[in-house]
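A.B. asks: Pasting query04.cif below, which is mmCIF, C-alpha atoms (C1' of nucleotides).
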data_structure
loop_
_atom_site.label_atom_id
_atom_site.label_comp_id
_atom_site.auth_asym_id
_atom_site.auth_seq_id
_atom_site.Cartn_x
_atom_site.Cartn_y
_atom_site.Cartn_z
CA MET Q 1435 95.68 90.53 76.57
CA GLU Q 1436 96.92 90.79 80.13
CA HIS Q 1437 96.84 87.69 82.26
CA ASP Q 1438 95.61 84.19 81.60
CA ALA Q 1439 98.96 83.33 80.18
CA PRO Q 1440 99.76 80.70 82.85
CA GLY Q 1441 99.84 77.19 81.67
CA SER Q 1442 101.29 77.14 85.15
CA ASP Q 1443 99.09 78.06 88.12
CA THR Q 1444 95.88 77.06 86.48
CA LEU Q 1445 95.43 74.36 89.12
CA ASP Q 1446 95.94 76.88 91.88
CA ARG Q 1447 93.00 78.90 90.74
CA ALA Q 1448 90.80 75.88 90.16
CA PHE Q 1449 91.32 74.36 93.60
CA MET Q 1450 91.10 77.79 95.19
CA ALA Q 1451 87.82 78.36 93.38
CA LEU Q 1452 86.33 75.16 94.78
CA ALA Q 1453 87.59 75.90 98.28
CA ASP Q 1454 84.63 78.21 98.87
CA PRO Q 1455 81.26 76.63 99.71
CA VAL Q 1456 79.36 79.34 97.85
CA ARG Q 1457 81.35 78.68 94.71
CA ARG Q 1458 80.87 74.92 95.09
CA ALA Q 1459 77.13 75.41 95.39
CA MET Q 1460 77.27 77.45 92.20
CA VAL Q 1461 79.09 74.65 90.43
CA ALA Q 1462 76.45 72.25 91.70
CA ARG Q 1463 73.74 74.53 90.36
CA LEU Q 1464 75.49 75.01 87.04
CA SER Q 1465 75.88 71.28 86.57
CA ARG Q 1466 72.13 71.24 86.01
CA GLY Q 1467 72.18 74.01 83.42
CA ASP Q 1468 73.47 77.46 82.56
CA ALA Q 1469 72.36 80.33 84.75
CA THR Q 1470 72.59 84.10 85.02
CA VAL Q 1471 74.20 86.03 87.85
CA ASN Q 1472 70.84 86.84 89.36
CA GLU Q 1473 69.71 83.24 89.24
CA LEU Q 1474 72.92 82.14 90.88
CA ALA Q 1475 72.59 84.84 93.51
CA GLU Q 1476 69.07 83.89 94.50
CA PRO Q 1477 69.85 81.09 97.02
CA PHE Q 1478 72.36 83.24 98.90
CA ALA Q 1479 72.12 86.07 101.35
CA ILE Q 1480 74.84 88.07 99.67
CA THR Q 1481 74.80 90.97 97.23
CA LYS Q 1482 74.84 90.53 93.49
CA GLN Q 1483 78.27 92.14 93.35
CA ALA Q 1484 79.67 89.45 95.60
CA VAL Q 1485 78.16 86.80 93.35
CA SER Q 1486 79.68 88.51 90.35
CA LYS Q 1487 83.07 88.30 91.99
CA HIS Q 1488 82.62 84.62 92.75
CA ILE Q 1489 81.79 83.95 89.12
CA GLN Q 1490 84.84 85.88 88.03
CA VAL Q 1491 86.92 83.64 90.26
CA LEU Q 1492 85.38 80.54 88.68
CA GLU Q 1493 85.87 82.01 85.21
CA HIS Q 1494 89.46 82.98 85.89
CA ALA Q 1495 90.02 79.41 87.07
CA GLY Q 1496 88.71 78.15 83.74
CA LEU Q 1497 85.84 76.32 85.39
CA VAL Q 1498 83.10 78.33 83.72
CA THR Q 1499 82.65 80.40 80.59
CA ARG Q 1500 80.24 83.18 79.78
CA SER Q 1501 78.34 84.08 76.68
CA ARG Q 1502 76.02 86.92 75.93
CA ASP Q 1503 72.30 86.74 75.26
CA ALA Q 1504 70.83 90.25 75.09
CA GLN Q 1505 71.59 91.96 78.38
CA ARG Q 1506 71.97 88.69 80.23
CA ARG Q 1507 75.30 86.89 80.49
CA PRO Q 1508 74.63 83.22 81.13
CA VAL Q 1509 77.31 81.25 82.93
CA HIS Q 1510 78.26 77.83 81.61
CA LEU Q 1511 80.09 75.09 83.49
CA ASP Q 1512 83.09 73.57 81.70
CA ALA Q 1513 83.05 69.87 82.49
CA ALA Q 1514 86.48 69.36 80.95
CA ALA Q 1515 88.01 71.66 83.54
CA LEU Q 1516 86.53 69.54 86.30
CA GLU Q 1517 88.06 66.52 84.69
CA ARG Q 1518 91.51 68.12 84.76
CA LEU Q 1519 91.14 68.46 88.51
CA THR Q 1520 90.18 64.87 89.10
CA ALA Q 1521 93.03 63.84 86.82
CA TRP Q 1522 95.53 65.61 89.07
CA ILE Q 1523 94.11 64.12 92.26
CA ASP Q 1524 93.70 60.63 90.85
CA ASN Q 1525 97.26 60.62 89.61
CA TYR Q 1526 98.72 60.91 93.10
CA ARG Q 1527 96.03 58.85 94.71
CA LEU Q 1528 96.87 55.96 92.39
CA ILE Q 1529 100.57 56.33 93.04
CA ALA Q 1530 99.92 56.11 96.77
CA GLU Q 1531 97.55 53.19 96.45
CA SER Q 1532 99.75 51.20 94.11
CA ARG Q 1533 102.70 51.62 96.44
CA PHE Q 1534 100.53 50.48 99.32
CA ARG Q 1535 99.44 47.41 97.42
CA GLN Q 1536 103.00 46.69 96.36
CA LEU Q 1537 104.26 46.73 99.92
CA ASP Q 1538 101.28 44.86 101.23
CA GLU Q 1539 102.16 42.09 98.85
CA LEU Q 1540 105.87 42.16 99.64
CA LEU Q 1541 105.31 41.07 103.21
CA GLY Q 1542 102.36 38.85 102.60
CA ALA Q 1543 102.02 37.19 106.02
CA GLY Q 1544 105.23 38.59 107.43
CA THR Q 1545 106.15 40.99 110.20
CA SER Q 1546 103.80 43.15 112.19
CA HIS Q 1547 103.93 45.73 109.37
CA ARG Q 1548 103.55 49.36 110.28
CA GLN Q 1549 102.46 51.77 107.51
CA GLU Q 1550 104.67 52.54 104.54
CA GLU Q 1551 108.35 52.80 103.92
CA ASN Q 1552 110.01 55.32 101.72
CA THR Q 1553 110.24 53.71 98.33
CA PRO Q 1554 113.90 54.48 97.82
CA ALA Q 1555 114.49 54.72 94.11
CA GLN Q 1556 111.99 56.58 92.00
CA LYS Q 1557 111.76 59.64 89.81
CA LYS Q 1558 112.39 63.01 91.36
CA GLU Q 1559 111.34 66.53 90.42
CA GLU Q 1560 107.61 66.92 90.18
CA LEU Q 1561 106.37 70.25 91.53
CA THR Q 1562 102.69 70.04 90.77
CA MET J 245 88.49 67.96 121.96
CA GLU J 246 87.83 71.40 120.56
CA HIS J 247 86.97 71.56 116.90
CA ASP J 248 87.01 68.90 114.24
CA ALA J 249 83.38 68.25 114.81
CA PRO J 250 82.38 69.07 111.22
CA GLY J 251 80.92 66.32 109.21
CA SER J 252 80.08 69.48 107.35
CA ASP J 253 82.87 71.67 105.97
CA THR J 254 85.31 68.86 105.53
CA LEU J 255 85.33 69.53 101.80
CA ASP J 256 86.09 73.20 102.40
CA ARG J 257 89.29 72.39 104.18
CA ALA J 258 90.31 69.72 101.69
CA PHE J 259 89.94 71.92 98.61
CA MET J 260 91.44 74.84 100.47
CA ALA J 261 94.41 72.66 101.39
CA LEU J 262 95.05 71.76 97.77
CA ALA J 263 94.69 75.35 96.64
CA ASP J 264 98.26 76.06 97.68
CA PRO J 265 101.07 74.93 95.34
CA VAL J 266 103.38 74.17 98.25
CA ARG J 267 100.79 71.90 99.81
CA ARG J 268 100.11 70.21 96.46
CA ALA J 269 103.82 69.54 96.05
CA MET J 270 103.79 67.99 99.51
CA VAL J 271 100.92 65.73 98.53
CA ALA J 272 102.85 64.75 95.42
CA ARG J 273 105.87 63.95 97.55
CA LEU J 274 103.84 62.02 100.10
CA SER J 275 102.21 59.94 97.40
CA ARG J 276 105.61 58.29 97.02
CA GLY J 277 106.00 57.56 100.72
CA ASP J 278 105.74 58.95 104.22
CA ALA J 279 108.05 61.82 105.13
CA THR J 280 109.05 63.96 108.08
CA VAL J 281 108.63 67.71 108.34
CA ASN J 282 112.29 68.29 107.57
CA GLU J 283 112.18 66.08 104.51
CA LEU J 284 109.10 67.87 103.28
CA ALA J 285 110.70 71.24 103.93
CA GLU J 286 113.87 70.49 101.99
CA PRO J 287 112.67 71.39 98.46
CA PHE J 288 111.31 74.77 99.58
CA ALA J 289 112.83 78.08 100.49
CA ILE J 290 110.66 78.54 103.53
CA THR J 291 111.21 77.96 107.22
CA LYS J 292 110.43 74.69 108.93
CA GLN J 293 107.73 76.43 110.95
CA ALA J 294 105.92 77.39 107.77
CA VAL J 295 106.10 73.79 106.60
CA SER J 296 104.75 72.65 109.93
CA LYS J 297 101.77 74.95 109.45
CA HIS J 298 101.16 73.62 105.97
CA ILE J 299 101.11 70.09 107.30
CA GLN J 300 98.68 71.10 109.99
CA VAL J 301 96.41 72.45 107.30
CA LEU J 302 96.61 69.17 105.40
CA GLU J 303 96.02 67.24 108.60
CA HIS J 304 93.08 69.38 109.62
CA ALA J 305 91.63 68.74 106.17
CA GLY J 306 91.90 65.03 106.76
CA LEU J 307 94.29 64.56 103.86
CA VAL J 308 97.20 63.34 105.96
CA THR J 309 97.76 61.68 109.31
CA ARG J 310 100.76 61.64 111.61
CA SER J 311 102.29 58.96 113.74
CA ARG J 312 105.24 59.03 116.08
CA ASP J 313 108.53 57.24 115.64
CA ALA J 314 110.99 58.36 118.32
CA GLN J 315 111.40 62.12 117.98
CA ARG J 316 110.34 62.01 114.34
CA ARG J 317 106.69 62.50 113.35
CA PRO J 318 106.23 61.00 109.89
CA VAL J 319 103.39 62.34 107.76
CA HIS J 320 101.23 59.88 105.89
CA LEU J 321 98.97 60.61 102.93
CA ASP J 322 95.39 59.35 103.21
CA ALA J 323 94.39 58.17 99.76
CA ALA J 324 90.77 57.72 100.79
CA ALA J 325 90.49 61.43 101.48
CA LEU J 326 91.68 62.18 97.97
CA GLU J 327 89.05 59.85 96.67
CA ARG J 328 86.34 61.75 98.49
CA LEU J 329 87.42 64.86 96.61
CA THR J 330 87.29 63.27 93.21
CA ALA J 331 83.93 61.79 94.13
CA TRP J 332 82.51 65.25 94.71
CA ILE J 333 83.90 66.66 91.48
CA ASP J 334 82.96 63.65 89.37
CA ASN J 335 79.42 63.75 90.66
CA TYR J 336 78.72 67.18 89.20
CA ARG J 337 80.87 66.63 86.15
CA LEU J 338 78.81 63.57 85.26
CA ILE J 339 75.56 65.44 85.81
CA ALA J 340 76.74 68.15 83.45
CA GLU J 341 77.99 65.72 80.86
CA SER J 342 74.92 63.53 80.92
CA ARG J 343 72.70 66.55 80.45
CA PHE J 344 74.87 67.65 77.55
CA ARG J 345 74.60 64.25 75.91
CA GLN J 346 70.90 64.15 76.51
CA LEU J 347 70.34 67.47 74.76
CA ASP J 348 72.79 66.68 72.02
CA GLU J 349 70.70 63.66 71.21
CA LEU J 350 67.39 65.50 71.44
CA LEU J 351 68.23 67.72 68.48
CA GLY J 352 70.24 65.20 66.53
CA ALA J 353 70.75 67.09 63.25
CA GLY J 354 68.45 69.95 64.10
CA THR J 355 68.83 73.68 64.63
CA SER J 356 72.05 75.60 64.93
CA HIS J 357 72.16 74.62 68.60
CA ARG J 358 73.83 76.99 71.02
CA GLN J 359 75.02 75.56 74.37
CA GLU J 360 72.61 74.23 76.97
CA GLU J 361 69.15 75.05 78.09
CA ASN J 362 67.95 75.02 81.65
CA THR J 363 66.65 71.54 82.22
CA PRO J 364 63.36 72.65 83.70
CA ALA J 365 62.26 69.93 86.07
CA GLN J 366 64.80 68.34 88.35
CA LYS J 367 65.61 67.99 92.02
CA LYS J 368 66.35 71.11 94.00
CA GLU J 369 68.23 71.73 97.23
CA GLU J 370 71.83 70.57 97.12
CA LEU J 371 74.24 72.94 98.90
CA THR J 372 77.65 71.30 98.62
"C1'" DC K 859 123.28 66.01 133.33
"C1'" DT K 860 124.01 68.46 129.08
"C1'" DC K 861 123.86 69.05 124.09
"C1'" DT K 862 121.91 68.31 119.85
"C1'" DT K 863 118.04 67.25 116.80
"C1'" DA K 864 112.96 67.27 115.47
"C1'" DA K 865 109.13 69.71 115.72
"C1'" DT K 866 105.75 72.85 117.73
"C1'" DC K 867 103.90 77.11 120.07
"C1'" DA K 868 103.38 82.21 120.18
"C1'" DA K 869 103.36 86.72 118.56
"C1'" DC K 870 103.60 89.47 114.83
"C1'" DC K 871 103.18 91.37 109.77
"C1'" DA K 872 102.01 92.08 104.81
"C1'" DA K 873 99.05 90.47 101.39
"C1'" DA K 874 94.89 88.33 99.79
"C1'" DC K 875 89.95 87.09 100.44
"C1'" DG K 876 84.96 87.73 101.04
"C1'" DG K 877 81.91 91.02 101.72
"C1'" DT K 878 79.77 95.69 101.56
"C1'" DT K 879 78.10 100.32 99.41
"C1'" DG K 880 77.94 103.54 95.55
"C1'" DA K 881 78.65 104.77 90.83
"C1'" DT K 882 78.82 103.23 86.03
"C1'" DC K 883 78.19 100.63 81.64
"C1'" DA K 884 75.23 98.09 78.34
"C1'" DA K 885 71.09 96.61 76.20
"C1'" DT K 886 65.82 96.90 76.10
"C1'" DG K 887 61.42 98.79 76.14
"C1'" DA K 888 58.36 102.84 76.93
"C1'" DT Y 1194 65.12 110.12 74.26
"C1'" DC Y 1195 64.90 108.30 78.74
"C1'" DA Y 1196 63.93 105.17 82.43
"C1'" DT Y 1197 64.69 100.19 83.68
"C1'" DT Y 1198 66.97 96.00 84.24
"C1'" DG Y 1199 71.28 93.03 84.35
"C1'" DA Y 1200 75.77 93.12 85.53
"C1'" DT Y 1201 80.32 95.16 86.38
"C1'" DC Y 1202 83.80 98.55 88.26
"C1'" DA Y 1203 85.91 100.92 92.24
"C1'" DA Y 1204 86.96 101.89 96.79
"C1'" DC Y 1205 86.86 100.39 101.24
"C1'" DC Y 1206 86.87 97.13 105.56
"C1'" DG Y 1207 87.38 93.07 108.79
"C1'" DT Y 1208 89.24 88.45 108.79
"C1'" DT Y 1209 92.14 84.89 107.26
"C1'" DT Y 1210 96.39 83.18 105.13
"C1'" DG Y 1211 101.28 82.46 104.44
"C1'" DG Y 1212 105.30 83.85 106.09
"C1'" DT Y 1213 108.76 85.41 109.53
"C1'" DT Y 1214 111.53 85.36 114.16
"C1'" DG Y 1215 112.09 83.75 118.87
"C1'" DA Y 1216 111.17 80.71 122.65
"C1'" DT Y 1217 109.75 76.02 124.10
"C1'" DT Y 1218 108.76 70.95 124.42
"C1'" DA Y 1219 110.23 66.06 123.52
"C1'" DA Y 1220 113.43 62.45 122.71
"C1'" DG Y 1221 118.07 60.61 122.06
"C1'" DA Y 1222 123.20 60.76 122.19
"C1'" DG Y 1223 127.59 62.32 124.63
#
How would this structure read if it were set down as structure tokens?
C.D. replies:
Amino acid sequence: MEHDAPGSDTLDRAFMALADPVRRAMVARLSRGDATVNELAEPFAITKQAVSKHIQVLEHAGLVTRSRDAQRRPVHLDAAALERLTAWIDNYRLIAESRFRQLDELLGAGTSHRQEENTPAQKKEELT
Amino acid sequence: MEHDAPGSDTLDRAFMALADPVRRAMVARLSRGDATVNELAEPFAITKQAVSKHIQVLEHAGLVTRSRDAQRRPVHLDAAALERLTAWIDNYRLIAESRFRQLDELLGAGTSHRQEENTPAQKKEELT
DNA sequence: CTCTTAATCAACCAAACGGTTGATCAATGA
DNA sequence: TCATTGATCAACCGTTTGGTTGATTAAGAG
């Protein structure tokens, strides 16, 4: 037991993990089935060690898990983790869209209407 | 005109932008309405210049836009950009889930069943 | 015109990231 | 037992990131 305690910056690591095109390609590959480090390394012009690091990043972000099958350690994509990401994004996207709709309706055929207005009263304190 | 040509690594920048907790908090704030740099800076213990940089990152990622209202430059969240992100994630999540369902059904009450198997024949070449 | 306010530009710095090479561990197969 | 294969650990390096301070531009307000 060392780290992995968060409950906090788990989103940080997940978004960070997907920020790299190599890691995204790995996720794309893994969506079609588990794969070993060597299999994942194959499409790229980088060393196996670099691939190993990338997988560790994905694992640390909770996006993939690893099991053991003889001397091979297949990597498995965790779809639920992906869902947590979309949940975060969709949450704020829907807030923004609903507010847009709300205001669009408020001044149905009215004034020239430029973008949004600060919705004055609403909850505070969010921080992720 | 200098860069911003992509059409390519637009996802890179978007995920990268959301990888930072400060930037995510800004997105959360902006989901409730446009805000200026100073307003966005208020909740954080960092300089206004740092905030300005963060906003530039979000802007460069296509997640926010900026207009001009006198000497104030309000930042506006682009919900459509958020949707593009969830679209990417959901795509691969659904692939993974559908494959899982498919295999789960294949061996209805069968063998001990450990995780997935490489679905042998399927499209290749994805990269992002 | 001058002063204040909002925001950016520019140079710099410590820390983290992506990558490399080289050595090591773990499980098989001869 | 020993050599091989799959994968990780460890140290190092160049580039990028997040942050700072200091100077500068842009638009009102006095």
A.B. asks: Write out as a list in words which residues come within 8 Å of Phe259 in chain J when counting all atoms listed in the file, dropping same-chain ones fewer than 4 positions away.
C.D. replies: Phe1449, Met1450, Leu1452 and Ala1453 of chain Q; Leu255, Ala263 and Leu329 of chain J
A.B. asks: Using all atoms listed in the file, can you tell me which of J:Arg312, J:Thr280, J:Ala258, J:Ser275 comes closest to chain Q?
C.D. replies: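 Of the candidates, the smallest distance to chain Q is held by J:Ser275.
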A.B. asks: Given all atoms listed in the file as the basis, pick out the residue of J:Arg273, J:Arg317, J:His304, J:Arg343 nearest to DT866 in chain K.
C.D. replies: J:Arg317
A.B. asks: Once the PyMOL selection byres ((chain Y) within 8 of (chain Q)) is applied to the coordinates I shared, what remains selected? I want it as a PDB file with C-alpha atoms (C1' of nucleotides), keeping the file's coordinate frame.
C.D. replies:
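Final output, saved to expr.pdb:
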ATOM      1  C1'  DG Y1199      71.280  93.030  84.350  1.00  0.00           C
ATOM      2  C1'  DA Y1200      75.770  93.120  85.530  1.00  0.00           C
ATOM      3  C1'  DT Y1201      80.320  95.160  86.380  1.00  0.00           C
TER       4       DT Y1201
END
A.B. asks: Pull out every residue of chain Q that has at least one atom within 9 Å of chain J, counting all atoms listed in the file, and report them as a PyMOL selection string.
C.D. replies: chain Q and resi 1443+1445-1456+1458-1469+1510-1514+1516-1517+1519-1521+1523-1524+1526-1531+1533+1549-1554+1556+1560-1562
A.B. asks: Dump as a PyMOL selection string all residues having an atom at most 10 Å from (107.8, 77.3, 121.2), computed in the file's coordinates with all atoms listed in the file.
C.D. replies: (chain K and resi 865-868) or (chain Y and resi 1215-1218)
A.B. asks: Expand the PyMOL selection byres ((chain K and resi 877) around 10) into the explicit residue set it covers here, and present it as an mmCIF file with C-alpha atoms (C1' of nucleotides), in the frame of the given file.
C.D. replies:
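This went into out_9.cif:
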data_model
loop_
_atom_site.group_PDB
_atom_site.id
_atom_site.type_symbol
_atom_site.label_atom_id
_atom_site.label_comp_id
_atom_site.auth_asym_id
_atom_site.auth_seq_id
_atom_site.Cartn_x
_atom_site.Cartn_y
_atom_site.Cartn_z
ATOM 1 C CA ILE Q 1480 74.840 88.070 99.670
ATOM 2 C CA THR Q 1481 74.800 90.970 97.230
ATOM 3 C CA GLN Q 1483 78.270 92.140 93.350
ATOM 4 C CA ALA Q 1484 79.670 89.450 95.600
ATOM 5 C "C1'" DC K 875 89.950 87.090 100.440
ATOM 6 C "C1'" DG K 876 84.960 87.730 101.040
ATOM 7 C "C1'" DT K 878 79.770 95.690 101.560
ATOM 8 C "C1'" DC Y 1206 86.870 97.130 105.560
ATOM 9 C "C1'" DG Y 1207 87.380 93.070 108.790
#
A.B. asks: Counting all atoms listed in the file, what is within 12 Å of DA1196 in chain Y, bar same-chain residues fewer than 2 positions away, as a VMD selection string?
C.D. replies: (chain K and resid 886 to 888) or (chain Y and resid 1194 1198)
A.B. asks: Which residues match the PyMOL selection byres ((chain K and resi 871) around 12) in the file above, as a PDB file with C-alpha atoms (C1' of nucleotides), keeping the file's coordinate frame?
C.D. replies:
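Done, and the output landed in out_36.pdb:
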ATOM      1  C1'  DA K 869     103.360  86.720 118.560  1.00  0.00           C
ATOM      2  C1'  DC K 870     103.600  89.470 114.830  1.00  0.00           C
ATOM      3  C1'  DA K 872     102.010  92.080 104.810  1.00  0.00           C
ATOM      4  C1'  DA K 873      99.050  90.470 101.390  1.00  0.00           C
TER       5       DA K 873
ATOM      6  C1'  DT Y1210      96.390  83.180 105.130  1.00  0.00           C
ATOM      7  C1'  DG Y1211     101.280  82.460 104.440  1.00  0.00           C
ATOM      8  C1'  DG Y1212     105.300  83.850 106.090  1.00  0.00           C
ATOM      9  C1'  DT Y1213     108.760  85.410 109.530  1.00  0.00           C
ATOM     10  C1'  DT Y1214     111.530  85.360 114.160  1.00  0.00           C
TER      11       DT Y1214
END
A.B. asks: When you draw a straight line from C1' of DA1204 in chain Y to C1' of DT882 in chain K, how long is it in Å?
C.D. replies: 13.6 Å
A.B. asks: May I ask for the distance between CA of Arg345 in chain J and CA of Val1485 in chain Q, given in Å to one decimal place?
C.D. replies: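 About the pair CA of Arg345 in chain J and CA of Val1485 in chain Q: they are 28.7 Å apart.
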A.B. asks: Hey, can I get the axis-aligned box for range 307-325 of chain J? All listed atoms, 5 Å padding on each side, centre and edge lengths in Å to one decimal, as JSON.
C.D. replies:
{"center_x": 100.9, "center_y": 60.9, "center_z": 109.0, "size_x": 30.9, "size_y": 17.3, "size_z": 28.6}
A.B. asks: Mind giving me the straight-line distance from CA of Ile299 in chain J to C1' of DT1208 in chain Y in Å, one decimal?
C.D. replies: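 Result for CA of Ile299 in chain J versus C1' of DT1208 in chain Y: 21.9 Å, one decimal.
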A.B. asks: Which residue, Q:Gln1490, Q:Glu1476, Q:Asp1503, Q:Ala1495, has the smallest gap to chain K when you use only C-alpha atoms (C1' of nucleotides)?
C.D. replies: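 Using only C-alpha atoms (C1' of nucleotides), the shortest distance to chain K belongs to Q:Asp1503.
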